Amino acid sequence: MGALVSREQYTKVLFYLDIARGEGAQLVTGGEPFRPEGCDGALIVRPTVFTGVEGGMRIAQEEVFGPVLSVLSFRDEAEAVEIASATEYGLAGSVFTNDLRRAHRVAAALEVGYVWLNDSSRHFVGAPFGGVKSSGLGREECLEELLGFTETQAVHVSFMD
């Protein structure tokens with residue numbers, strides 16, 4: 001875990017921590033600014049874990065983009081997929097299981113643009129990365145991204161007799 005990208009993002013993450021507490025999520029660890037020795041200006045928030053999170057809480061519904069983990073409980077695979085997809089965002093998700101068939105079934109059911117199986121956060125050059133729903137438009141780190149920076153022109157010629 002490192003410093004957040006800007007003061008605005010740092011403030012946003014701290015704001016979400018307050019919201020989570022206010023909505024009844026239980027703080028397990030972290031949840032406060034951290035100033036390592038020699039890093040006085042660093043914008044760091046300790047890695048944070050909340051339990052008791054319900055699907056309707058903002059911490060579960062919105063993209064925090066900080067070192068924050070929200071733990072939600074579910075009864076079965078269908079409910080897990082329902083909870084994970086019941087948000088307007090869909091950047092990425094992870095599925096952890098020893099059952100490869102289940103992993104692929106759940107990955108296909110999730111409404112996200114990128115799924116890791118038994119992993120998280122690695123990116124591979126050439127593999128399209130990007131979200132669905134309100135989590136972005138298009139894909140990065142692939143040919144589609146490169147083509148997005150090109151300008152093409154079509155010329156239609158009609159021959160007259």
# chains A, B, ... in the order shown; residues from 1 in each chain; ligands from 1
>>> select_by_dssp(residues="chain A", states="helix (DSSP H, G or I)", output="ChimeraX atom specification")
/A:7-22,58-61,77-85,100-109,143-148
>>> residues_around(residues="Phe65 of chain A", least_positions_apart="5", cutoff="10 Å", atoms="only C-alpha atoms", output="list in words")
Leu4, Val5, Gln9, Tyr10, Lys12 and Val13 of chain A
>>> select_by_dssp(residues="segment 55-120 of chain A", states="strand (DSSP E)", output="PyMOL selection string")
chain A and resi 68-70+89-90+92-95+114-117
>>> closest_atom_pairs(of="segment 6-102 of chain A", to="segment 112-117 of chain A", cutoff="12 Å", atoms="only C-alpha atoms", output="CSV")
residue,atom,partner,partner_atom,distance
A:Val81,CA,A:Val112,CA,10.8
A:Ala84,CA,A:Val112,CA,9.0
A:Ser85,CA,A:Val112,CA,7.7
A:Ala86,CA,A:Val112,CA,10.9
A:Thr87,CA,A:Val112,CA,10.3
A:Glu88,CA,A:Val112,CA,10.3
A:Tyr89,CA,A:Val112,CA,7.8
A:Gly90,CA,A:Val112,CA,4.1
A:Leu91,CA,A:Val112,CA,5.3
A:Ala92,CA,A:Tyr114,CA,4.6
A:Gly93,CA,A:Val115,CA,4.9
A:Ser94,CA,A:Trp116,CA,4.6
A:Val95,CA,A:Leu117,CA,5.0
A:Phe96,CA,A:Leu117,CA,6.0
A:Thr97,CA,A:Leu117,CA,7.8
A:Asn98,CA,A:Leu117,CA,9.7
A:Asp99,CA,A:Leu117,CA,10.4
A:Leu100,CA,A:Leu117,CA,8.8
A:Arg101,CA,A:Leu117,CA,11.2
A:Arg102,CA,A:Leu117,CA,10.3
>>> closest_residue(among="A:Lys133, A:Arg21, A:Arg35, A:Arg122", to="Leu110 of chain A", atoms="only C-alpha atoms")
A:Lys133
>>> closest_atom_pairs(of="segment 48-132 of chain A", to="segment 139-158 of chain A", cutoff="10 Å", atoms="only C-alpha atoms", output="JSON lines")
{"residue": "A:Gly113", "atom": "CA", "partner": "A:Arg139", "partner_atom": "CA", "distance": 8.8}
{"residue": "A:His123", "atom": "CA", "partner": "A:Glu141", "partner_atom": "CA", "distance": 8.3}
{"residue": "A:Phe124", "atom": "CA", "partner": "A:Glu141", "partner_atom": "CA", "distance": 7.7}
{"residue": "A:Val125", "atom": "CA", "partner": "A:Glu141", "partner_atom": "CA", "distance": 5.6}
{"residue": "A:Gly126", "atom": "CA", "partner": "A:Cys142", "partner_atom": "CA", "distance": 4.3}
{"residue": "A:Ala127", "atom": "CA", "partner": "A:Cys142", "partner_atom": "CA", "distance": 5.9}
{"residue": "A:Pro128", "atom": "CA", "partner": "A:Cys142", "partner_atom": "CA", "distance": 5.2}
{"residue": "A:Phe129", "atom": "CA", "partner": "A:Glu140", "partner_atom": "CA", "distance": 5.1}
{"residue": "A:Gly130", "atom": "CA", "partner": "A:Arg139", "partner_atom": "CA", "distance": 4.7}
{"residue": "A:Gly131", "atom": "CA", "partner": "A:Arg139", "partner_atom": "CA", "distance": 7.7}
{"residue": "A:Val132", "atom": "CA", "partner": "A:Arg139", "partner_atom": "CA", "distance": 9.8}
>>> residues_around(residues="Thr11 of chain A", least_positions_apart="6", cutoff="12 Å", atoms="only C-alpha atoms", output="list in words")
Leu4, Val5, Leu17, Asp18, Glu32, Pro33, Leu43, Ile44, Val45, Val64, Phe65 and Gly66 of chain A
